[in-house]
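Scroll down for the structure; my scribbles are underneath it.
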Amino acid sequence: MKLQVERDVLAEAVTWAVRGLSTRPPVPVLAGVLLEASEDSLTLSAFDYEVSAKVTVPAQVDEPGETLVMGRLLSEISRSLPAKPVSLAVDGAKLTVSCGSSRFALQQMPTADYPTLPISPEPSGSVQGDVFTQAVAQVAIAADRGDTLPILTGVRMEIEGDKLSLLATDRYRLALRELTWNPSTADASHVALIPARTLSDTARALGASGTVGIALGHAAGGEGLVGFEAGRRRSTSRLLDGEYPKVTAIFPTSVDTVAVLNTATLTEAVKRVALVAERNAAVRLRFSEGQVGIEAGQGDDAQASEAVECNLQGPELEIAFNPQFLLDGLGAIGTAYARMSFTQPSRPAVLSGQAEADGDADESYRYVLMPVRFAS
């Protein structure tokens with residue numbers, strides 16, 4: 001194998017391909033990145049039996065061939081090279097990487113031991129890249145980060161026709177985002193439980209592209225896989241097994257009190273008051289006509305309070321939340337105003353957004369937050 005490729009093109013491609021590789025793989029070859037040169041392109045692949053990534057970039061190929069080398073090491077080297085064309089060539093048992101006066105020799109790994117990647121998925125439909133990235137970020141914040149219930153570490157993707165919904169919960173909050181996508185067939189119907197971390201990484205990496213293709217079911221290469229494609233980048237992920245709990249019943253069927261607040265103003269106030277809330281102790285919100293009082297700390301502990309303007313409809317209310325969970329939701333809604341809907345202090349509250357203070361609620365994204373009980 002012998003070829004030449006632009007430094008920035010190589011660095012970006014290797015970094016993207018190896019982003020999900022484990023630092024301690026169960027088998028040494030799973031730390032590798034597979035380089036395949038043919039005609040006028042270089043294809044880089046990485047696979048650890050859970051997540052696969054493949055990207056093809058233009059290259060000047062003198063001798064086609066393939067090699068397997070340490071992925072993270074090649075990524076670090078390619079990013080550190082000077083801004084000049086990079087030459088890659090197999091020389092005996094080594095892959096030489098030359099750029100300007102810099103030269104590296106990497107030990108090749110046995111390609112025969114490398115697992116076969118899943119087949120390239122055929123998209124079941126597509127969605128606008130920036131919309132998909134935002135939607136995943138809005139929902140993934142609510143996925144569980146522990147190992148107690150592995151199924152809750154996933155994001156549930158459901159597709160019915162041109163409607164795509166993403167759902168995640170860690171039992172203390174729940175996030176649901178609904179959006180429109182372009183299915184390959186009008187009667188598309190799929191449900192998939194995707195590891196939240198993998199989905200977040202993939203959405204961030206592919207979202208800069210104009211559109212992201214999503215493959216589910218047989219189109220992804222098997223019922224246990226989901227595939228993503230954008231430009232010349234493709235990746236697959238193994239799905240989580242199990243039945244996701246029917247958590248949508250948490251959404252309140254009626255609303256007694258609605259408060260509309262400036263998102264940025266409320267966020268900054270909660271951040272300030274929460275400084276005295278040790279170990280994420282609750283912050284208390286007292287909603288009354290024209291304002292909400294925000295308080296934290298009590299007794300001999302440090303205390304803080306602040307008031308923020310709000311438009312209140314319905315009975316006055318006092319409720320408490322984990323401040324970080326509340327801030328996560330405020331940071332995710334992506335609108336100038338936050339709309340908080342309540343039934344009673346002991347029941348879940350629903351956070352959504354709206355563009356204007358007296359505008360309509362945008363319920364394409366809803367963040368349900370469980371209240372915290374407080375002594376008084």
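In the structure tokens, the first chain shown is A, the next is B, and so on; residue numbers restart at 1 for each chain, and ligands run from 1 in the order shown.
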
Q: Select from stretch 26-257 of chain A everything DSSP, run on the backbone, classes as helix (DSSP H, G or I), then give the selection as a PyMOL selection string.
A: chain A and resi 28-31+71-80+111-113+129-140+150-153+196-206+217-220+247-250

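Residues with any atom within 9 Å of A:Gly331, counting only C-alpha atoms and excluding same-chain neighbours fewer than 6 positions away, are A:Gln138, A:Thr263, A:Ala264, A:Thr267.
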
Q | A:Val18, A:Met340, A:Ala135, A:Leu240 ranked by distance to A:Leu149, top pick (using only C-alpha atoms) | A | A:Leu240

Q.
Report, in Å with one decimal, the straight-line distance from atom CA of A:Asp48 to atom CA of A:Leu81.
A.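 Separating atom CA of A:Asp48 from atom CA of A:Leu81 is a distance of 27.1 Å.
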
Q | Length of the atom CA of A:Val127 to atom CA of A:Thr180 vector [Å] | A | 7.6 Å

Q: Quick one: everything within 10 Å of A:Pro150, counting only C-alpha atoms, minus sequence neighbours fewer than 3 positions away in the same chain. Send it as a ChimeraX atom specification.
A: /A:144-147,153-154,195,240-242

Write a file of the just-selected residues containing N, CA, C and O atoms, as a PDB file, in the first residue's frame.
ATOM      1  N   ASP A 144     -30.200   7.557  31.841  1.00  0.00           N
ATOM      2  CA  ASP A 144     -29.488   7.148  33.053  1.00  0.00           C
ATOM      3  C   ASP A 144     -28.010   6.954  32.756  1.00  0.00           C
ATOM      4  O   ASP A 144     -27.642   6.420  31.713  1.00  0.00           O
ATOM      5  N   ARG A 145     -27.160   7.400  33.667  1.00  0.00           N
ATOM      6  CA  ARG A 145     -25.720   7.238  33.484  1.00  0.00           C
ATOM      7  C   ARG A 145     -25.153   6.123  34.341  1.00  0.00           C
ATOM      8  O   ARG A 145     -23.950   5.863  34.327  1.00  0.00           O
ATOM      9  N   GLY A 146     -26.002   5.446  35.113  1.00  0.00           N
ATOM     10  CA  GLY A 146     -25.536   4.350  35.968  1.00  0.00           C
ATOM     11  C   GLY A 146     -25.733   3.005  35.301  1.00  0.00           C
ATOM     12  O   GLY A 146     -26.123   2.909  34.139  1.00  0.00           O
ATOM     13  N   ASP A 147     -25.455   1.931  36.048  1.00  0.00           N
ATOM     14  CA  ASP A 147     -25.584   0.580  35.516  1.00  0.00           C
ATOM     15  C   ASP A 147     -26.688  -0.221  36.198  1.00  0.00           C
ATOM     16  O   ASP A 147     -26.830  -1.417  35.961  1.00  0.00           O
ATOM     17  N   THR A 153     -30.208   3.416  30.108  1.00  0.00           N
ATOM     18  CA  THR A 153     -29.067   4.149  29.557  1.00  0.00           C
ATOM     19  C   THR A 153     -29.253   4.404  28.062  1.00  0.00           C
ATOM     20  O   THR A 153     -28.383   4.987  27.424  1.00  0.00           O
ATOM     21  N   GLY A 154     -30.379   3.973  27.520  1.00  0.00           N
ATOM     22  CA  GLY A 154     -30.643   4.132  26.104  1.00  0.00           C
ATOM     23  C   GLY A 154     -31.648   5.225  25.800  1.00  0.00           C
ATOM     24  O   GLY A 154     -32.344   5.728  26.682  1.00  0.00           O
ATOM     25  N   PRO A 195     -28.030   2.991  22.667  1.00  0.00           N
ATOM     26  CA  PRO A 195     -27.232   3.521  23.783  1.00  0.00           C
ATOM     27  C   PRO A 195     -27.083   5.042  23.659  1.00  0.00           C
ATOM     28  O   PRO A 195     -26.671   5.548  22.613  1.00  0.00           O
ATOM     29  N   LEU A 240     -29.770  -1.894  22.384  1.00  0.00           N
ATOM     30  CA  LEU A 240     -29.976  -2.496  23.701  1.00  0.00           C
ATOM     31  C   LEU A 240     -31.162  -3.455  23.642  1.00  0.00           C
ATOM     32  O   LEU A 240     -32.137  -3.213  22.926  1.00  0.00           O
ATOM     33  N   ASP A 241     -31.069  -4.534  24.406  1.00  0.00           N
ATOM     34  CA  ASP A 241     -32.164  -5.510  24.469  1.00  0.00           C
ATOM     35  C   ASP A 241     -33.094  -5.173  25.627  1.00  0.00           C
ATOM     36  O   ASP A 241     -32.664  -4.649  26.654  1.00  0.00           O
ATOM     37  N   GLY A 242     -34.348  -5.523  25.454  1.00  0.00           N
ATOM     38  CA  GLY A 242     -35.299  -5.351  26.544  1.00  0.00           C
ATOM     39  C   GLY A 242     -36.471  -4.467  26.178  1.00  0.00           C
ATOM     40  O   GLY A 242     -36.455  -3.768  25.162  1.00  0.00           O
TER      41      GLY A 242
END

(Q) Which residues are near stretch 302-308 of chain A? Cut-off 9 Å, only C-alpha atoms, ignore same chain within fewer than 6 positions. Put them as a VMD selection string. (A) chain A and resid 261 to 262 265 to 266 269 to 270 272 to 277 290 to 296

Those residues you just picked out, can you put them in a file as a PDB file, in the first residue's frame with N, CA and C atoms?
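Output (selection.pdb):
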ATOM      1  N   LEU A 261     -41.560  32.191  31.797  1.00  0.00           N
ATOM      2  CA  LEU A 261     -40.433  32.972  32.296  1.00  0.00           C
ATOM      3  C   LEU A 261     -39.374  33.120  31.212  1.00  0.00           C
ATOM      4  N   ASN A 262     -38.555  34.149  31.339  1.00  0.00           N
ATOM      5  CA  ASN A 262     -37.419  34.309  30.449  1.00  0.00           C
ATOM      6  C   ASN A 262     -36.403  33.221  30.770  1.00  0.00           C
ATOM      7  N   THR A 265     -32.854  34.430  32.087  1.00  0.00           N
ATOM      8  CA  THR A 265     -32.946  35.055  33.414  1.00  0.00           C
ATOM      9  C   THR A 265     -33.163  34.009  34.494  1.00  0.00           C
ATOM     10  N   LEU A 266     -34.066  33.063  34.242  1.00  0.00           N
ATOM     11  CA  LEU A 266     -34.335  32.004  35.214  1.00  0.00           C
ATOM     12  C   LEU A 266     -33.095  31.114  35.398  1.00  0.00           C
ATOM     13  N   ALA A 269     -30.495  32.854  37.566  1.00  0.00           N
ATOM     14  CA  ALA A 269     -30.947  32.956  38.958  1.00  0.00           C
ATOM     15  C   ALA A 269     -30.816  31.613  39.676  1.00  0.00           C
ATOM     16  N   VAL A 270     -31.231  30.538  39.017  1.00  0.00           N
ATOM     17  CA  VAL A 270     -31.134  29.205  39.627  1.00  0.00           C
ATOM     18  C   VAL A 270     -29.666  28.846  39.875  1.00  0.00           C
ATOM     19  N   ARG A 272     -27.207  30.873  40.521  1.00  0.00           N
ATOM     20  CA  ARG A 272     -26.700  31.644  41.660  1.00  0.00           C
ATOM     21  C   ARG A 272     -27.228  31.076  42.978  1.00  0.00           C
ATOM     22  N   VAL A 273     -28.521  30.849  43.042  1.00  0.00           N
ATOM     23  CA  VAL A 273     -29.124  30.373  44.290  1.00  0.00           C
ATOM     24  C   VAL A 273     -28.610  28.973  44.635  1.00  0.00           C
ATOM     25  N   ALA A 274     -28.379  28.140  43.596  1.00  0.00           N
ATOM     26  CA  ALA A 274     -27.957  26.760  43.840  1.00  0.00           C
ATOM     27  C   ALA A 274     -26.539  26.660  44.393  1.00  0.00           C
ATOM     28  N   LEU A 275     -25.798  27.773  44.402  1.00  0.00           N
ATOM     29  CA  LEU A 275     -24.443  27.749  44.946  1.00  0.00           C
ATOM     30  C   LEU A 275     -24.428  27.317  46.409  1.00  0.00           C
ATOM     31  N   VAL A 276     -25.507  27.567  47.136  1.00  0.00           N
ATOM     32  CA  VAL A 276     -25.551  27.186  48.551  1.00  0.00           C
ATOM     33  C   VAL A 276     -26.251  25.850  48.757  1.00  0.00           C
ATOM     34  N   ALA A 277     -26.720  25.213  47.676  1.00  0.00           N
ATOM     35  CA  ALA A 277     -27.410  23.920  47.788  1.00  0.00           C
ATOM     36  C   ALA A 277     -26.365  22.808  47.738  1.00  0.00           C
ATOM     37  N   GLY A 290     -46.934  37.472  39.038  1.00  0.00           N
ATOM     38  CA  GLY A 290     -45.895  38.422  38.640  1.00  0.00           C
ATOM     39  C   GLY A 290     -44.472  37.991  38.898  1.00  0.00           C
ATOM     40  N   GLN A 291     -44.253  36.992  39.763  1.00  0.00           N
ATOM     41  CA  GLN A 291     -42.876  36.605  40.041  1.00  0.00           C
ATOM     42  C   GLN A 291     -42.786  35.193  40.609  1.00  0.00           C
ATOM     43  N   VAL A 292     -41.558  34.659  40.552  1.00  0.00           N
ATOM     44  CA  VAL A 292     -41.246  33.405  41.232  1.00  0.00           C
ATOM     45  C   VAL A 292     -40.062  33.673  42.149  1.00  0.00           C
ATOM     46  N   GLY A 293     -40.211  33.275  43.411  1.00  0.00           N
ATOM     47  CA  GLY A 293     -39.120  33.386  44.363  1.00  0.00           C
ATOM     48  C   GLY A 293     -38.328  32.084  44.374  1.00  0.00           C
ATOM     49  N   ILE A 294     -37.012  32.194  44.282  1.00  0.00           N
ATOM     50  CA  ILE A 294     -36.150  31.008  44.236  1.00  0.00           C
ATOM     51  C   ILE A 294     -35.295  31.014  45.495  1.00  0.00           C
ATOM     52  N   GLU A 295     -35.313  29.897  46.233  1.00  0.00           N
ATOM     53  CA  GLU A 295     -34.595  29.841  47.507  1.00  0.00           C
ATOM     54  C   GLU A 295     -33.850  28.518  47.635  1.00  0.00           C
ATOM     55  N   ALA A 296     -32.752  28.554  48.398  1.00  0.00           N
ATOM     56  CA  ALA A 296     -32.012  27.336  48.732  1.00  0.00           C
ATOM     57  C   ALA A 296     -31.344  27.532  50.077  1.00  0.00           C
TER      58      ALA A 296
END

Q | Counting only C-alpha atoms, the option among A:Val29, A:Ala53, A:Leu369, A:Ala17 closest to A:Gly227 | A |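 Once distances to A:Gly227 are computed over only C-alpha atoms, the minimum belongs to A:Ala53.
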
Q) Hey, what's within 9 Å of A:Glu158 if we count only C-alpha atoms and toss same-chain stuff fewer than 2 positions away? As a list in words, please? A) Arg156, Glu160, Lys163, Leu164, Ser165, Leu166, Leu167, Ser189, His190, Val191, Ala192 and Leu193 of chain A
